[in-house]
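Just my_file-v2.cif here, mmCIF, C-alpha atoms:
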data_work
loop_
_atom_site.label_atom_id
_atom_site.label_comp_id
_atom_site.auth_asym_id
_atom_site.auth_seq_id
_atom_site.Cartn_x
_atom_site.Cartn_y
_atom_site.Cartn_z
CA MET O 1 28.04 60.41 -127.36
CA LYS O 2 31.44 60.12 -129.13
CA ASN O 3 34.66 58.76 -127.66
CA GLY O 4 32.81 57.52 -124.61
CA LYS O 5 32.01 61.10 -123.64
CA GLU O 6 28.60 62.62 -123.18
CA GLY O 7 29.23 65.83 -125.12
CA VAL O 8 28.32 68.16 -122.25
CA ALA O 9 29.61 71.53 -121.09
CA ARG O 10 31.83 70.34 -118.25
CA GLU O 11 34.04 68.44 -120.74
CA ILE O 12 35.09 71.59 -122.58
CA MET O 13 34.63 74.44 -120.10
CA MET O 14 37.45 76.40 -118.55
CA GLY O 15 37.18 75.50 -114.87
CA SER O 16 38.58 78.53 -113.12
CA PRO O 17 37.93 81.61 -115.22
CA VAL O 18 39.22 85.04 -114.24
CA THR O 19 36.41 86.89 -112.46
CA LEU O 20 35.74 90.38 -111.14
CA LYS O 21 33.60 91.73 -108.33
CA PRO O 22 30.74 94.21 -108.84
CA GLU O 23 32.62 96.86 -106.82
CA ASP O 24 35.84 96.54 -108.79
CA SER O 25 36.65 99.52 -110.93
CA LEU O 26 36.74 99.62 -114.70
CA ASP O 27 40.48 100.22 -114.84
CA LEU O 28 41.01 96.76 -113.35
CA ALA O 29 38.71 95.27 -116.01
CA ASN O 30 40.62 97.17 -118.66
CA ASP O 31 43.92 95.70 -117.44
CA VAL O 32 42.51 92.17 -117.30
CA ILE O 33 41.05 92.41 -120.79
CA SER O 34 44.10 93.96 -122.43
CA LEU O 35 46.76 91.92 -120.64
CA GLY O 36 44.94 88.60 -120.73
CA ARG O 37 43.64 89.06 -124.29
CA ILE O 38 40.26 87.91 -123.08
CA ARG O 39 36.93 89.25 -124.17
CA HIS O 40 34.57 88.25 -121.39
CA ILE O 41 34.82 88.38 -117.63
CA PRO O 42 32.13 86.93 -115.35
CA VAL O 43 31.26 89.17 -112.40
CA VAL O 44 30.88 87.24 -109.17
CA ASP O 45 29.59 88.30 -105.76
CA GLU O 46 30.30 85.81 -102.99
CA GLY O 47 30.59 82.95 -105.46
CA ARG O 48 27.36 83.79 -107.29
CA LEU O 49 27.29 84.99 -110.87
CA VAL O 50 25.72 88.46 -110.96
CA GLY O 51 26.78 89.71 -114.39
CA ILE O 52 29.22 89.60 -117.25
CA LEU O 53 31.51 92.26 -118.63
CA THR O 54 32.58 92.08 -122.26
CA GLU O 55 35.28 93.99 -124.05
CA ARG O 56 32.47 95.59 -126.02
CA ASP O 57 30.72 96.84 -122.87
CA LEU O 58 33.97 98.12 -121.49
CA ILE O 59 34.77 100.32 -124.43
CA GLY O 60 31.27 101.12 -125.68
CA THR O 61 29.04 101.71 -122.69
CA ALA O 62 31.87 102.97 -120.54
CA ALA O 63 32.64 105.65 -123.08
CA SER O 64 29.18 107.16 -123.00
CA GLN O 65 29.16 107.31 -119.19
CA ILE O 66 32.62 108.71 -119.06
CA PHE O 67 31.83 111.58 -121.41
CA GLY O 68 29.68 113.13 -118.73
CA LEU O 69 32.59 113.36 -116.33
CA LYS O 70 35.08 116.18 -116.26
CA GLN O 71 38.27 114.34 -115.63
CA LYS O 72 41.59 114.59 -117.27
CA ASN O 73 42.79 111.20 -118.31
CA LYS O 74 41.43 107.86 -119.26
CA SER O 75 42.93 106.01 -116.31
CA ALA O 76 41.31 108.34 -113.78
CA LEU O 77 38.03 108.05 -115.67
CA LEU O 78 38.13 104.28 -115.64
CA LYS O 79 38.94 104.23 -111.93
CA SER O 80 35.86 106.26 -111.16
CA VAL O 81 33.36 103.80 -112.64
CA SER O 82 32.56 100.44 -111.03
CA ILE O 83 31.90 97.20 -112.87
CA LYS O 84 28.30 96.96 -111.65
CA GLU O 85 27.41 100.15 -113.52
CA ILE O 86 28.53 98.70 -116.83
CA MET O 87 28.08 94.91 -116.64
CA LYS O 88 25.26 93.05 -118.32
CA LYS O 89 23.02 91.66 -115.63
CA ARG O 90 20.97 89.38 -117.85
CA VAL O 91 23.39 86.62 -118.67
CA VAL O 92 22.73 83.55 -120.78
CA THR O 93 24.06 80.63 -118.72
CA ALA O 94 24.12 76.87 -118.91
CA ALA O 95 24.65 74.01 -116.47
CA PRO O 96 27.65 71.67 -116.37
CA ASP O 97 25.54 68.90 -117.93
CA THR O 98 24.05 71.06 -120.70
CA PRO O 99 24.78 69.39 -124.07
CA ILE O 100 27.51 71.16 -126.07
CA LYS O 101 25.17 71.25 -129.07
CA GLU O 102 22.75 73.34 -126.99
CA ILE O 103 25.56 75.75 -126.14
CA ALA O 104 26.53 75.92 -129.83
CA ARG O 105 22.90 76.73 -130.66
CA LEU O 106 22.80 79.55 -128.09
CA MET O 107 26.05 81.01 -129.44
CA ALA O 108 24.95 80.85 -133.08
CA GLU O 109 21.43 82.19 -132.49
CA LYS O 110 22.29 84.93 -130.05
CA LYS O 111 25.75 85.64 -131.46
CA ILE O 112 27.30 85.44 -128.04
CA GLY O 113 30.95 84.66 -127.51
CA CYS O 114 30.78 82.90 -124.18
CA VAL O 115 28.40 81.09 -121.86
CA PRO O 116 29.12 80.97 -118.11
CA ILE O 117 28.46 77.58 -116.56
CA VAL O 118 26.48 77.79 -113.36
CA SER O 119 25.60 75.14 -110.83
CA ASP O 120 23.08 76.08 -108.10
CA GLY O 121 23.75 79.75 -108.76
CA ALA O 122 27.53 79.39 -108.36
CA LEU O 123 29.88 79.99 -111.26
CA THR O 124 31.73 76.78 -112.05
CA GLY O 125 33.21 77.50 -115.47
CA LEU O 126 33.11 79.33 -118.76
CA VAL O 127 32.64 78.04 -122.31
CA THR O 128 33.85 80.25 -125.16
CA THR O 129 33.35 79.88 -128.90
CA THR O 130 36.95 78.67 -129.15
CA ASP O 131 36.14 75.79 -126.77
CA VAL O 132 33.13 74.78 -128.87
CA LEU O 133 35.04 75.10 -132.16
CA ARG O 134 37.81 72.89 -130.75
CA TYR O 135 35.19 70.30 -129.84
CA VAL O 136 33.75 70.50 -133.36
CA GLN O 137 37.25 70.16 -134.81
CA ASP O 138 37.94 67.05 -132.71
CA LEU O 139 34.71 65.47 -133.96
CA GLY O 140 35.95 65.93 -137.51
CA MET X 141 55.03 54.97 -145.50
CA THR X 142 51.75 56.11 -146.91
CA LEU X 143 49.54 58.13 -144.63
CA PRO X 144 45.92 57.08 -144.62
CA ALA X 145 43.61 59.47 -146.45
CA ARG X 146 41.86 61.89 -144.12
CA THR X 147 38.28 60.91 -143.65
CA GLY X 148 37.13 63.39 -141.03
CA LYS X 149 33.45 64.04 -140.62
CA PHE X 150 33.84 67.48 -142.14
CA THR X 151 35.93 66.28 -145.08
CA GLY X 152 34.29 67.35 -148.30
CA ILE X 153 32.60 70.38 -146.79
CA LYS X 154 34.01 73.48 -148.44
CA VAL X 155 34.21 77.03 -147.20
CA VAL X 156 31.70 78.04 -149.88
CA ASP X 157 29.13 75.66 -148.33
CA VAL X 158 29.08 77.47 -144.98
CA MET X 159 30.16 81.07 -145.67
CA THR X 160 27.90 84.12 -145.61
CA ALA X 161 27.83 85.32 -149.22
CA ASN X 162 28.04 88.96 -150.31
CA PRO X 163 29.10 90.43 -146.98
CA LEU X 164 28.89 94.06 -146.10
CA THR X 165 32.07 95.95 -147.11
CA VAL X 166 33.58 99.40 -146.69
CA LYS X 167 36.15 101.52 -148.50
CA ALA X 168 39.42 102.72 -146.97
CA GLU X 169 38.34 106.35 -147.28
CA GLU X 170 35.12 105.77 -145.34
CA SER X 171 35.10 106.70 -141.66
CA VAL X 172 35.67 104.92 -138.37
CA GLY X 173 32.27 106.25 -137.28
CA LEU X 174 30.56 104.56 -140.23
CA ALA X 175 32.22 101.21 -139.49
CA ASP X 176 31.20 101.53 -135.84
CA GLU X 177 27.57 102.15 -136.86
CA LEU X 178 27.52 99.32 -139.41
CA MET X 179 28.89 96.86 -136.87
CA ALA X 180 26.36 97.86 -134.22
CA GLU X 181 23.37 97.90 -136.61
CA ASN X 182 24.20 94.57 -138.21
CA ASN X 183 25.63 92.85 -135.14
CA ILE X 184 28.88 92.03 -136.92
CA ARG X 185 32.45 92.37 -135.77
CA GLN X 186 34.50 92.37 -138.94
CA ILE X 187 34.12 94.28 -142.18
CA PRO X 188 36.33 93.67 -145.23
CA VAL X 189 37.81 96.81 -146.81
CA LEU X 190 37.74 96.92 -150.61
CA ALA X 191 39.38 99.07 -153.28
CA GLY X 192 37.20 98.34 -156.30
CA ARG X 193 37.01 94.56 -156.11
CA GLU X 194 40.34 94.10 -154.41
CA LEU X 195 40.47 93.16 -150.73
CA ILE X 196 42.96 95.56 -149.14
CA GLY X 197 42.18 95.18 -145.46
CA ILE X 198 39.82 94.20 -142.70
CA VAL X 199 38.46 96.28 -139.84
CA THR X 200 37.36 94.61 -136.63
CA ASP X 201 35.32 95.93 -133.73
CA ARG X 202 38.47 95.54 -131.66
CA ASP X 203 40.37 97.89 -134.02
CA VAL X 204 37.57 100.45 -133.85
CA ARG X 205 37.12 100.27 -130.11
CA ALA X 206 40.85 100.32 -129.36
CA PHE X 207 41.16 103.40 -131.56
CA LEU X 208 38.16 105.15 -130.04
CA SER X 209 39.17 104.28 -126.48
CA ASP X 210 42.34 106.26 -126.96
CA THR X 211 40.14 109.25 -127.61
CA LEU X 212 37.97 108.83 -124.52
CA LEU X 213 38.24 112.50 -123.78
CA PRO X 214 35.50 114.72 -122.43
CA ASP X 215 36.12 116.78 -125.53
CA PRO X 216 33.42 116.42 -128.19
CA GLU X 217 35.71 117.84 -130.87
CA ALA X 218 38.39 115.20 -130.29
CA ARG X 219 35.79 112.46 -130.46
CA GLU X 220 34.23 113.92 -133.60
CA LYS X 221 37.65 114.00 -135.24
CA ALA X 222 38.31 110.39 -134.23
CA LEU X 223 34.99 109.25 -135.70
CA LYS X 224 35.84 110.93 -139.02
CA THR X 225 39.24 109.21 -139.34
CA PRO X 226 39.47 107.18 -142.57
CA LEU X 227 39.36 103.41 -142.03
CA GLY X 228 42.56 103.08 -144.08
CA GLU X 229 44.43 104.45 -141.07
CA ILE X 230 43.27 101.79 -138.63
CA MET X 231 42.52 98.70 -140.77
CA THR X 232 44.64 95.55 -140.75
CA THR X 233 46.26 95.35 -144.17
CA GLU X 234 46.98 92.12 -146.08
CA PRO X 235 44.41 90.10 -144.17
CA ILE X 236 44.47 86.32 -144.20
CA TYR X 237 41.78 84.92 -146.48
CA LEU X 238 40.39 81.64 -147.71
CA ALA X 239 39.28 80.40 -151.13
CA PRO X 240 35.73 79.10 -151.67
CA ASP X 241 37.11 75.62 -152.39
CA ASP X 242 39.21 75.41 -149.23
CA GLU X 243 38.13 72.76 -146.75
CA LEU X 244 36.01 73.82 -143.79
CA GLU X 245 38.75 72.33 -141.58
CA GLU X 246 41.09 75.11 -142.70
CA ALA X 247 38.59 77.73 -141.59
CA LEU X 248 38.20 75.96 -138.24
CA GLU X 249 41.97 75.91 -137.76
CA LEU X 250 42.24 79.67 -138.36
CA LEU X 251 39.24 80.52 -136.18
CA ILE X 252 40.69 78.48 -133.31
CA GLU X 253 44.42 79.03 -133.55
CA GLN X 254 44.45 82.65 -134.69
CA LYS X 255 41.30 83.52 -132.74
CA PHE X 256 39.89 85.27 -135.79
CA GLY X 257 36.21 86.11 -135.53
CA ALA X 258 35.70 85.83 -139.28
CA ILE X 259 37.78 85.26 -142.41
CA PRO X 260 37.14 86.82 -145.84
CA VAL X 261 36.63 84.42 -148.75
CA LEU X 262 38.22 85.40 -152.07
CA ASP X 263 37.55 83.95 -155.49
CA GLU X 264 40.40 84.43 -157.98
CA ALA X 265 38.12 85.74 -160.68
CA GLU X 266 35.32 87.39 -158.74
CA GLY X 267 37.19 88.87 -155.78
CA LEU X 268 35.49 88.90 -152.39
CA VAL X 269 32.57 86.46 -152.43
CA GLY X 270 31.93 85.85 -148.76
CA ILE X 271 33.04 85.79 -145.16
CA VAL X 272 33.13 82.81 -142.82
CA SER X 273 32.65 83.35 -139.09
CA TYR X 274 32.38 81.17 -136.02
CA VAL X 275 28.60 81.54 -136.26
CA ASP X 276 28.65 80.00 -139.78
CA VAL X 277 30.74 77.08 -138.53
CA LEU X 278 28.51 76.48 -135.51
CA ARG X 279 25.45 76.53 -137.78
CA CYS X 280 27.06 73.91 -140.02
CA PHE X 281 27.86 71.78 -136.95
CA LEU X 282 24.23 72.03 -135.78
CA ASP X 283 22.92 71.18 -139.27
CA ARG X 284 25.15 68.11 -139.41
CA LEU X 285 23.90 67.02 -135.99
CA ARG X 286 20.33 67.46 -137.15
CA GLU X 287 21.02 65.36 -140.22
CA ASP X 288 22.66 62.83 -137.91
CA LYS X 289 25.96 62.93 -139.76
CA LEU X 290 28.09 63.34 -136.64
#
Once more with this new file: its structure as structure tokens, please.
Amino acid sequence: MKNGKEGVAREIMMGSPVTLKPEDSLDLANDVISLGRIRHIPVVDEGRLVGILTERDLIGTAASQIFGLKQKNKSALLKSVSIKEIMKKRVVTAAPDTPIKEIARLMAEKKIGCVPIVSDGALTGLVTTTDVLRYVQDLG
Amino acid sequence: MTLPARTGKFTGIKVVDVMTANPLTVKAEESVGLADELMAENNIRQIPVLAGRELIGIVTDRDVRAFLSDTLLPDPEAREKALKTPLGEIMTTEPIYLAPDDELEEALELLIEQKFGAIPVLDEAEGLVGIVSYVDVLRCFLDRLREDKL
């Protein structure tokens, strides 16, 4: 495509995203999201992508589950719930050689903020809207 | 030395060409619970806050969720009270905004560097006329690709 590049996911993806395991507890996710100022964390089990946790899931869905529990503080509540109970299991993914325009289309149509990049079932990277917008900016 | 004129592929595209016109708005005295519902129902993450026609703030899903997460108590009364809190207490005041005639590149810069999800668009005479989000910019990018202008 432009600049001798093909315009595919691997050129703009973050190669080693922060990940969590399904058994990790929500308080760990909370720390990662607040300290890292990130909104999406892929959930990986033995190298394979099994879900994604967004800031929205963490606060929204977690809250409704937590209300049923009789515990005293937020930290204890978050510790008692594991990621696999909250994560989205149906994740929109793409391959390293998926065209960036296809990823842009997925993000615009589905209003999703990130697309994990998967190769043979293994997570190899993450593309966020910021990555795609930067690519668009560089084209201009 | 004279710098060459910028001739980027998005030069000439204005914010007004890509923005979503007449966005949903709220008032400062309306509740956190209402903003939460509006965001969920309409799948949006930012709502401008108006006083009459004046833009006085913006509320994001992050503001709402951060506020509500502090009230994650197994106490329905505390949660009820939190949901009834006026948006004026949690909104971001003096939000950054764009003008309809600003270049799309300016919107891109703000979306990338400031990590804003969306930016209100203000017309001097008419007040708030739109909002421009990453989805609007991606749609413009896809349209330009389709028209083979990139």
Q. Quick one: distance from CA of Ile38 in chain O to CA of Val272 in chain X in Å, one decimal?
A. 21.6 Å
Q.
Which residues are near range 215-228 of chain X? Cut-off 7 Å, all atoms listed in the file, ignore same chain within fewer than 4 positions. Put them as a PyMOL selection string.
A. chain X and resi 168-173+208+211
Hey, can you spit out that residue selection with C-alpha atoms as a PDB file, in the coordinates of the input?
ATOM      1  CA  ALA X 168      39.420 102.720-146.970  1.00  0.00           C
ATOM      2  CA  GLU X 169      38.340 106.350-147.280  1.00  0.00           C
ATOM      3  CA  GLU X 170      35.120 105.770-145.340  1.00  0.00           C
ATOM      4  CA  SER X 171      35.100 106.700-141.660  1.00  0.00           C
ATOM      5  CA  VAL X 172      35.670 104.920-138.370  1.00  0.00           C
ATOM      6  CA  GLY X 173      32.270 106.250-137.280  1.00  0.00           C
ATOM      7  CA  LEU X 208      38.160 105.150-130.040  1.00  0.00           C
ATOM      8  CA  THR X 211      40.140 109.250-127.610  1.00  0.00           C
TER       9      THR X 211
END
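Across the structure, CA of Lys167 in chain X and CA of Thr200 in chain X are spaced 13.8 Å apart.
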Q) Which value, in Å to one decimal, gives the distance between CA of Pro235 in chain X and CA of Val32 in chain O? A) 27.0 Å
**Q.** Which residue of O:Val92, O:Met107, O:Val118, O:Val50 approaches chain X most closely, using all atoms listed in the file
**A.**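 Looking only at the distances to chain X, the closest residue turns out to be O:Met107.
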Q) With only C-alpha atoms as the atoms that count, which of O:Ile117, O:Leu123, O:Ala108, O:Leu53 lies nearest to chain X? A)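 Looking only at the distances to chain X, the closest residue turns out to be O:Ala108.
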Q. Residues at most 10 Å from Leu262 in chain X, counting all atoms listed in the file, excluding those fewer than 2 positions away in the same chain, as a PyMOL selection string?
A. chain X and resi 194-195+237-241+259-260+264-271
**Q.** O:Glu102, O:Asp31, O:Glu46, O:Glu23 ranked by distance to chain X, top pick (using all atoms listed in the file)
**A.**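 Smallest separation from chain X among the options: O:Glu102.
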Q | Result set, the PyMOL selection byres ((chain O and resi 133) around 12) on current file, as a ChimeraX atom specification | A | /O:12,100-101,103-104,107-108,113-114,127-132,134-140 /X:244-245,247-253,255-257,273-282
Q: Fewer than 2 positions away in the same chain doesn't count, so skip those; otherwise give me all residues within 12 Å of Thr232 in chain X, counting only C-alpha atoms, as a list of chain:residue names.
A: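 With the cut-off at 12 Å, the set is X:Ala168, X:Gln186, X:Ile187, X:Pro188, X:Val189, X:Leu195, X:Ile196, X:Gly197, X:Ile198, X:Val199, X:Thr200, X:Asp201, X:Arg202, X:Asp203, X:Val204, X:Leu227, X:Gly228, X:Glu229, X:Ile230, X:Glu234, X:Pro235, X:Ile236.
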**Q.** Given all atoms listed in the file as the counted atoms, nearest of X:Thr151, X:Leu164, X:Arg284, X:Leu174 to chain O
**A.** X:Thr151
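Proximity of X:Asn183, X:Asp157, X:Asp288, X:Phe207 to Glu109 in chain O, computed with all atoms listed in the file, is greatest for X:Asn183.
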